[in-house]
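File shown: my_file-v9.cif (mmCIF, C-alpha atoms).
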data_entry
#
loop_
_atom_site.label_atom_id
_atom_site.label_comp_id
_atom_site.auth_asym_id
_atom_site.auth_seq_id
_atom_site.Cartn_x
_atom_site.Cartn_y
_atom_site.Cartn_z
CA MET A 2 0.00 0.00 0.00
CA GLN A 3 1.10 3.54 -0.72
CA PRO A 4 0.96 6.53 1.65
CA ILE A 5 -1.85 9.04 1.27
CA VAL A 6 -1.15 12.76 1.24
CA ILE A 7 -4.07 15.04 2.03
CA SER A 8 -3.28 18.69 1.55
CA GLY A 9 -5.10 21.92 1.04
CA SER A 10 -4.93 25.68 1.35
CA PRO A 11 -8.44 26.79 2.34
CA SER A 12 -9.26 30.31 3.39
CA ILE A 13 -11.08 30.31 6.71
CA PRO A 14 -13.76 33.05 6.74
CA ALA A 15 -13.50 35.74 9.41
CA ASN A 16 -15.10 35.00 12.79
CA THR A 17 -15.77 31.40 11.77
CA ILE A 18 -15.08 27.91 13.07
CA VAL A 19 -14.77 25.28 10.36
CA ASP A 20 -15.60 21.98 12.03
CA ASN A 21 -13.66 19.90 9.55
CA VAL A 22 -11.45 21.54 6.96
CA ILE A 23 -11.03 18.25 5.08
CA ALA A 24 -14.78 17.85 4.62
CA GLN A 25 -15.06 21.41 3.35
CA ASP A 26 -13.22 20.48 0.16
CA PRO A 27 -15.41 18.14 -1.93
CA SER A 28 -12.38 16.60 -3.64
CA LEU A 29 -10.98 15.49 -0.27
CA ARG A 30 -14.14 13.96 1.17
CA ARG A 31 -13.07 10.47 0.09
CA TYR A 32 -10.16 10.81 2.53
CA LEU A 33 -12.30 11.64 5.54
CA ARG A 34 -11.65 8.17 6.94
CA SER A 35 -8.27 6.57 7.22
CA PRO A 36 -8.28 3.72 4.68
CA PHE A 37 -5.76 1.65 6.67
CA LEU A 38 -3.91 1.47 9.96
CA ALA A 39 -1.50 4.34 9.52
CA SER A 40 1.17 6.51 11.02
CA GLY A 41 0.02 10.11 10.64
CA SER A 42 1.69 13.49 10.54
CA LEU A 43 0.20 16.96 10.34
CA THR A 44 2.11 19.94 8.94
CA ALA A 45 0.43 23.34 8.90
CA VAL A 46 1.01 27.10 8.76
CA ILE A 47 -1.29 30.11 8.59
CA SER A 48 -1.00 33.26 6.51
CA ALA A 49 -1.66 35.68 9.39
CA THR A 50 -1.98 35.38 13.15
CA GLY A 51 -5.33 34.34 14.60
CA VAL A 52 -6.28 30.84 13.45
CA ARG A 53 -6.11 27.86 15.81
CA VAL A 54 -6.37 24.24 14.75
CA SER A 55 -7.26 20.96 16.45
CA MET A 56 -6.67 17.49 15.08
CA ASP A 57 -8.68 14.42 16.05
CA TYR A 58 -8.95 10.94 14.68
CA GLY A 59 -11.86 8.76 15.70
CA SER A 60 -12.75 10.08 19.14
CA LYS A 61 -9.16 10.90 20.09
CA ASN A 62 -7.55 14.31 20.11
CA VAL A 63 -3.88 14.65 19.22
CA VAL A 64 -3.56 18.41 18.64
CA ASP A 65 -5.45 20.65 21.03
CA ASN A 66 -6.57 24.10 19.87
CA SER A 67 -3.13 25.23 18.74
CA ASP A 68 -1.62 28.35 17.21
CA LEU A 69 0.59 27.92 14.16
CA ARG A 70 3.56 29.64 12.55
CA VAL A 71 2.79 32.56 10.23
CA ALA A 72 4.10 31.77 6.76
CA THR A 73 2.90 31.57 3.18
CA PHE A 74 4.34 28.08 2.66
CA PHE A 75 5.33 25.51 5.20
CA ASP A 76 8.69 23.96 5.81
CA MET A 77 8.15 20.21 6.14
CA GLU A 78 11.03 19.81 8.53
CA PHE A 79 10.00 22.47 11.02
CA ASP A 80 6.25 23.01 10.67
CA THR A 81 5.14 19.45 11.35
CA ILE A 82 3.17 19.99 14.52
CA ALA A 83 1.97 16.39 15.08
CA ARG A 84 4.28 13.65 13.91
CA GLN A 85 3.27 10.54 15.79
CA TRP A 86 -0.36 9.44 15.78
CA PHE A 87 -1.88 6.23 14.57
CA PRO A 88 -5.41 6.17 13.18
CA ASN A 89 -7.01 2.78 12.70
CA GLU A 90 -8.69 1.78 9.46
CA GLY A 91 -12.00 3.64 9.29
CA ASP A 92 -11.18 6.32 11.87
CA GLN A 93 -12.52 9.69 10.81
CA LEU A 94 -9.98 12.50 10.48
CA VAL A 95 -11.11 15.86 11.81
CA LEU A 96 -9.03 18.98 11.30
CA ARG A 97 -10.87 21.84 12.97
CA ALA A 98 -9.90 25.47 12.33
CA ALA A 99 -11.11 28.49 14.29
CA ASN A 100 -10.53 31.96 12.88
CA THR A 101 -11.13 34.53 15.60
CA THR A 102 -9.90 37.47 13.55
CA GLY A 103 -11.97 39.91 11.54
CA ALA A 104 -10.44 38.83 8.22
CA PRO A 105 -10.27 35.61 6.20
CA VAL A 106 -6.97 33.80 6.79
CA THR A 107 -5.44 31.03 4.71
CA LEU A 108 -4.55 27.75 6.38
CA GLN A 109 -2.05 25.60 4.54
CA TYR A 110 -1.94 22.02 5.74
CA ARG A 111 -0.69 18.58 4.80
CA ILE A 112 -1.66 15.30 6.44
CA VAL A 113 0.41 12.28 5.50
CA LEU A 114 -0.91 8.80 6.31
CA THR A 115 1.70 6.08 5.94
CA PRO A 116 0.42 2.51 6.13
CA ILE A 117 1.92 0.48 8.94
CA ASP A 118 1.75 -3.05 10.27
CA ILE A 119 0.09 -3.72 13.64
CA SER A 120 3.55 -4.51 15.06
CA GLN A 121 4.64 -0.92 14.32
CA LEU A 122 1.79 0.60 16.33
CA ALA A 123 3.12 2.94 19.04
CA PRO A 124 1.66 5.35 21.61
CA ASP A 125 0.42 8.67 20.24
CA ARG A 126 2.15 12.00 20.79
CA ARG A 127 -0.31 14.69 21.87
CA VAL A 128 0.46 18.34 21.28
CA VAL A 129 -0.72 21.78 22.32
CA GLN A 130 0.86 24.96 21.00
CA ARG A 131 -0.04 28.40 22.29
CA ILE A 132 0.85 32.04 21.80
CA ALA A 133 0.39 34.20 24.90
CA THR A 134 0.99 37.86 25.59
CA ILE A 135 3.01 38.32 28.77
CA LEU A 136 2.38 41.77 30.19
CA ALA A 137 5.23 44.07 31.22
CA GLY A 138 6.34 43.21 34.74
CA ALA A 139 4.17 40.08 34.92
CA VAL A 140 5.36 37.37 37.28
CA ASP A 141 4.54 33.68 36.79
CA THR A 142 1.83 33.91 34.15
CA VAL A 143 0.29 30.44 33.74
CA VAL A 144 0.48 29.79 30.02
CA TYR A 145 -1.54 26.60 29.54
CA ASP A 146 -4.28 27.44 32.02
CA GLY A 147 -7.47 25.71 30.86
CA SER A 148 -5.77 23.74 28.12
CA ARG A 149 -6.87 20.14 27.54
CA TYR A 150 -3.34 18.90 28.27
CA GLU A 151 -2.71 20.96 31.38
CA ARG A 152 -3.40 17.62 33.08
CA PRO A 153 -2.48 14.78 30.70
CA PRO A 154 -5.17 12.13 30.34
CA VAL A 155 -2.66 9.25 30.51
CA ASP A 156 0.88 8.72 31.82
CA CYS A 157 3.21 10.43 29.41
CA ILE A 158 6.61 11.94 28.75
CA LEU A 159 6.72 15.74 28.62
CA ASP A 160 8.77 17.88 26.25
CA VAL A 161 8.51 21.67 26.58
CA LEU A 162 9.38 23.89 23.64
CA ALA A 163 9.42 27.67 23.81
CA THR A 164 10.47 30.89 22.14
CA ALA A 165 9.88 34.57 22.86
CA SER A 166 9.11 37.50 20.58
CA ALA A 167 12.10 39.42 21.97
CA ALA A 168 14.68 39.02 24.72
CA GLY A 169 13.49 39.18 28.31
CA LEU A 170 11.15 36.29 29.10
CA THR A 171 11.96 33.57 31.61
CA GLN A 172 10.04 30.36 32.25
CA GLN A 173 9.80 27.81 35.05
CA VAL A 174 8.22 24.38 34.78
CA TYR A 175 6.50 22.47 37.54
CA VAL A 176 4.77 19.09 37.55
CA GLU A 177 2.40 19.28 40.53
CA MET A 178 4.73 20.49 43.34
CA ASP A 179 7.97 19.29 41.74
CA SER A 180 10.17 21.97 40.25
CA ILE A 181 11.41 20.53 36.98
CA ALA A 182 13.30 23.59 35.78
CA PRO A 183 14.18 26.79 37.64
CA ALA A 184 13.88 30.09 35.78
CA GLN A 185 15.32 29.73 32.28
CA THR A 186 15.80 32.41 29.65
CA VAL A 187 13.56 31.88 26.61
CA ARG A 188 15.17 32.13 23.18
CA PRO A 189 13.96 35.22 21.27
CA ALA A 190 13.24 33.59 17.90
CA ASN A 191 9.92 35.45 17.45
CA ARG A 192 8.03 32.53 15.90
CA VAL A 193 6.38 29.35 17.14
CA PRO A 194 8.86 26.76 18.43
CA GLN A 195 10.54 24.34 16.10
CA VAL A 196 12.08 20.93 16.70
CA PRO A 197 14.86 20.48 17.69
CA GLN A 198 16.34 23.91 18.26
CA ASP A 199 13.60 25.23 20.59
CA ILE A 200 13.33 22.24 22.92
CA MET A 201 13.89 23.59 26.43
CA ILE A 202 12.95 20.56 28.53
CA GLU A 203 12.87 16.91 27.47
CA ASP A 204 11.84 13.55 28.83
CA VAL A 205 10.02 14.45 32.02
CA GLU A 206 7.71 11.69 33.20
CA VAL A 207 4.23 13.00 34.02
CA PRO A 208 1.69 10.67 35.64
CA GLN A 209 -1.94 10.81 34.51
CA ASP A 210 -3.89 13.87 35.77
CA LYS A 211 -0.88 15.59 37.32
CA LEU A 212 -0.77 19.34 36.75
CA ILE A 213 1.79 20.69 34.28
CA GLN A 214 2.51 24.33 35.02
CA VAL A 215 4.61 26.51 32.75
CA LEU A 216 5.10 29.85 34.49
CA VAL A 217 6.40 32.74 32.42
CA SER A 218 7.71 36.04 33.78
CA ASN A 219 8.46 39.26 31.97
CA PRO A 220 10.75 41.59 33.93
CA THR A 221 11.04 44.06 31.02
CA GLY A 222 9.12 47.32 30.65
CA GLY A 223 7.10 46.26 27.61
CA ASN A 224 4.70 43.46 26.75
CA LEU A 225 6.30 40.42 25.15
CA THR A 226 4.85 37.36 23.45
CA TYR A 227 5.53 33.79 24.50
CA PHE A 228 5.32 30.98 21.96
CA GLY A 229 5.11 27.57 23.61
CA ARG A 230 4.44 23.96 22.81
CA LEU A 231 3.88 20.93 25.03
CA GLU A 232 4.55 17.56 23.41
CA LEU A 233 3.20 14.62 25.33
CA PRO A 234 4.12 11.19 23.99
CA GLU A 235 2.00 8.63 25.83
CA LEU A 236 3.76 5.93 27.79
CA ILE A 237 1.16 3.36 26.83
CA ARG A 238 -1.23 3.37 23.90
CA THR A 239 -4.83 4.17 24.85
CA MET B 20 11.28 62.33 10.21
CA ARG B 21 12.67 58.81 9.99
CA ALA B 22 10.35 55.98 9.00
CA PHE B 23 10.55 52.52 7.45
CA GLU B 24 8.86 51.76 4.15
CA CYS B 25 7.36 48.43 3.16
CA SER B 26 8.86 47.51 -0.21
CA SER B 27 5.69 45.70 -1.29
CA THR B 28 2.89 48.07 -0.32
CA GLY B 29 4.76 51.39 0.02
CA LEU B 30 3.20 51.96 3.43
CA LEU B 31 5.23 53.50 6.23
CA PHE B 32 6.11 52.22 9.70
CA PRO B 33 7.33 54.31 12.66
CA GLY B 34 11.04 55.09 13.10
CA ASP B 35 11.45 52.58 15.95
CA TYR B 36 10.20 49.68 13.79
CA ILE B 37 13.52 47.81 13.76
CA GLU B 38 14.43 48.67 17.35
CA GLU B 39 11.10 47.46 18.73
CA TRP B 40 10.81 44.40 16.48
CA GLY B 41 9.22 41.56 18.45
CA ARG B 42 8.08 43.97 21.17
CA LYS B 43 5.69 46.41 19.49
CA TYR B 44 5.88 45.16 15.90
CA GLY B 45 6.02 41.91 13.95
CA ILE B 46 4.94 39.49 16.68
CA GLY B 47 5.44 35.93 15.43
CA LEU B 48 7.00 36.92 12.12
CA GLY B 49 10.48 35.62 12.92
CA PRO B 50 13.73 37.17 14.12
CA VAL B 51 14.46 39.29 11.03
CA PRO B 52 12.45 42.54 10.70
CA VAL B 53 10.12 42.50 7.70
CA SER B 54 6.88 44.26 6.81
CA GLU B 55 3.82 43.26 8.84
CA CYS B 56 1.45 44.77 6.24
CA TRP B 57 -1.34 42.54 5.04
CA GLU B 58 -2.00 41.74 1.41
CA SER B 59 -4.54 39.51 -0.32
CA ASN B 60 -3.70 35.95 -1.25
CA TYR B 61 -5.11 35.97 -4.81
CA GLU B 62 -3.23 32.78 -5.75
CA LEU B 63 -5.53 30.70 -3.55
CA PRO B 64 -9.33 30.34 -3.78
CA PRO B 65 -11.39 32.67 -1.59
CA ALA B 66 -13.31 31.53 1.47
CA THR B 67 -16.87 30.58 0.60
CA PRO B 68 -19.83 31.09 2.94
CA THR B 69 -20.80 28.18 5.17
CA ARG B 70 -24.01 27.70 7.15
CA ASP B 71 -22.25 29.44 10.07
CA THR B 72 -21.24 32.52 8.11
CA ARG B 73 -22.73 35.63 9.71
CA SER B 74 -21.95 38.07 6.94
CA LEU B 75 -20.77 37.81 3.35
CA ASP B 76 -18.26 40.48 4.28
CA ASP B 77 -16.39 37.81 6.28
CA CYS B 78 -15.57 35.88 3.10
CA GLY B 79 -12.99 36.53 0.43
CA HIS B 80 -9.41 35.73 -0.48
CA GLY B 81 -7.36 35.09 2.63
CA VAL B 82 -5.04 37.80 3.88
CA ARG B 83 -1.38 37.22 4.56
CA SER B 84 1.42 39.10 6.26
CA CYS B 85 3.43 40.21 3.23
CA MET B 86 6.81 39.94 5.03
CA ALA B 87 8.49 42.09 2.37
CA PRO B 88 11.78 43.84 3.23
CA VAL B 89 11.57 47.27 4.86
CA PHE B 90 14.02 50.12 4.27
CA PRO B 91 14.62 53.44 6.04
CA VAL B 92 13.27 56.66 4.52
CA ASP B 93 13.08 60.30 5.54
CA VAL B 94 9.58 61.72 5.13
CA THR B 95 7.65 64.77 6.25
CA PRO B 96 5.14 64.28 9.08
CA GLU B 97 2.32 64.95 6.58
CA GLU B 98 3.62 62.27 4.24
CA PHE B 99 3.95 59.83 7.15
CA LYS B 100 0.39 60.50 8.22
CA LYS B 101 -0.86 59.96 4.68
CA ARG B 102 0.98 56.67 4.05
CA ARG B 103 1.06 55.23 7.56
CA ALA B 104 0.41 51.48 7.84
CA ILE B 105 -2.23 50.24 10.26
CA LEU B 106 -0.22 48.35 12.84
CA ASN B 107 -1.17 44.93 14.13
CA SER B 108 -1.16 46.34 17.67
CA GLU B 109 -3.73 48.99 16.67
CA ASP B 110 -5.99 46.50 14.92
CA PRO B 111 -5.53 43.14 16.67
CA SER B 112 -8.67 41.57 15.18
CA GLY B 113 -7.75 42.77 11.70
CA ALA B 114 -11.22 44.22 11.08
CA LEU B 115 -9.93 47.66 10.02
CA ARG B 116 -7.38 46.21 7.61
CA TRP B 117 -9.85 43.68 6.22
CA GLU B 118 -12.28 46.51 5.46
CA ILE B 119 -9.62 48.05 3.20
CA LEU B 120 -8.50 44.78 1.63
CA ARG B 121 -12.05 43.64 0.99
CA ARG B 122 -12.74 46.79 -1.01
CA LYS B 123 -9.53 46.20 -2.96
CA GLN B 124 -10.56 42.60 -3.65
CA ASP B 125 -13.86 43.81 -5.04
CA GLU B 126 -12.04 46.15 -7.43
CA ASN B 127 -9.25 43.81 -8.52
CA PRO B 128 -9.96 41.83 -11.72
CA ARG B 129 -7.89 38.90 -10.35
CA SER B 130 -10.27 38.53 -7.44
CA GLN B 131 -12.77 35.65 -7.35
CA ARG B 132 -14.52 36.95 -4.27
CA ALA B 133 -17.77 37.77 -6.05
CA THR B 134 -17.92 34.28 -7.56
CA ALA B 135 -17.21 32.67 -4.21
CA LEU B 136 -20.05 34.53 -2.57
CA ALA B 137 -22.46 32.86 -4.98
CA ILE B 138 -21.32 29.40 -3.83
CA ARG B 139 -22.55 27.89 -0.61
CA SER B 140 -20.54 24.91 0.56
#
In structure tokens, what does this structure look like?
Amino acid sequence: MQPIVISGSPSIPANTIVDNVIAQDPSLRRYLRSPFLASGSLTAVISATGVRVSMDYGSKNVVDNSDLRVATFFDMEFDTIARQWFPNEGDQLVLRAANTTGAPVTLQYRIVLTPIDISQLAPDRRVVQRIATILAGAVDTVVYDGSRYERPPVDCILDVLATASAAGLTQQVYVEMDSIAPAQTVRPANRVPQVPQDIMIEDVEVPQDKLIQVLVSNPTGGNLTYFGRLELPELIRT
Amino acid sequence: MRAFECSSTGLLFPGDYIEEWGRKYGIGLGPVPVSECWESNYELPPATPTRDTRSLDDCGHGVRSCMAPVFPVDVTPEEFKKRRAILNSEDPSGALRWEILRRKQDENPRSQRATALAIRS
């Protein structure tokens, strides 16, 4: 069997949530369900700030309401936001896009489904990526407050990626009451984090339902923007 | 006065555009200062109305940050006022800039916005 590549560049109308971008394009409706057990990857960028995407297969979420990099075209190496998820044959693919801005914005995406054997099945890697404004002088702003993966639904390994819009931000990471990383300077790359250069913390074991807190401080005199991503590979497949 | 000009649109940014890059201007556009002006993405099909669309004004060709190079210029205050770009920080939802771009899309012969409005997906 050959891999399937589903790609598109739809414009998302202003103030609109598109429940499934794949279903919106009539020529892609035949790919709404995974035709085989597959290893999936999702690569996506947006043309202007303000669109968030979620990715589900079957009833499982792998990308929670996430901001994307602003670009006209994506870079396969760096803009792959979800690289390890495994839909079964017949699982429906749902790529949801929410445009909260007052203008239509173009989402460019590519989903690649590579057929695999049951012996290659592995735990999924769940992802959330957020952009947050950190006010001047703010201390310990909780970045992922209210996010679906603030408390992971299963035991998992945590990777934290981060960048800042300009120099000055620091971040600390806690899992429940354990301090994983004391205040670290965040790299001022002014774009969403990319693998591997923006990985700040790797391989932290997080038990199910334990609180992940990323606390960001801004000691400078002006507002700064924090770009962060949590990657949560599951320890066991659910 | 000193300003920075967008090489794609000809619009002007304030004199501290480079100095305050990532703080006041160009959030999320990378480490190298470029223009944060919006332009229409005529190469791709426009957004069509869905059952959730509140207004046909919300549809059209997508906008994009043009990310063209910027270069320093000396202009009079009057000229700056006339050609000043609407900054992302002044129009975070993009509604003001979309109002302008939508009118341009309706005038541009390359635009397929009018056709798209007749299609309901």
Got a sec to resolve the PyMOL selection byres ((chain B) within 9 of (chain A)) on this structure and send the residues as number ranges by chain?
-> B: 39-43, 45-51, 57, 60, 63-69, 71-73, 76-86, 111-118, 121, 140
Name the residues captured by the PyMOL selection byres ((chain A and resi 43) around 12) when it is applied to the shown file; answer as JSON, numbers by chain.
-> {"A": [6, 7, 8, 9, 40, 41, 42, 44, 45, 46, 54, 55, 56, 57, 58, 63, 64, 69, 75, 76, 77, 78, 79, 80, 81, 82, 83, 84, 85, 86, 87, 94, 95, 96, 109, 110, 111, 112, 113, 114, 115, 126, 127, 128]}
List, as a list in words, every residue that the PyMOL selection byres ((chain A and resi 175) around 10) selects in the file provided.
-> Gln173, Val174, Val176, Glu177, Met178, Asp179, Ser180, Ile181, Ala182, Pro183, Leu212, Ile213, Gln214, Val215 and Leu216 of chain A
As JSON: centre and edge lengths in Å, one decimal, of the axis-aligned box holding region 20-29 of chain A with 6 Å per side:
{"center_x": -13.3, "center_y": 18.7, "center_z": 4.2, "size_x": 16.6, "size_y": 18.5, "size_z": 27.7}
Taken to one decimal, the CA of Gln198 (chain A)-CA of Val217 (chain A) distance is 19.4 Å
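Comparing A:Asp210, A:Asp199, A:Asp125, A:Asp92 by their smallest distance to Arg230 (chain A), the closest is A:Asp199 (using all atoms listed in the file).
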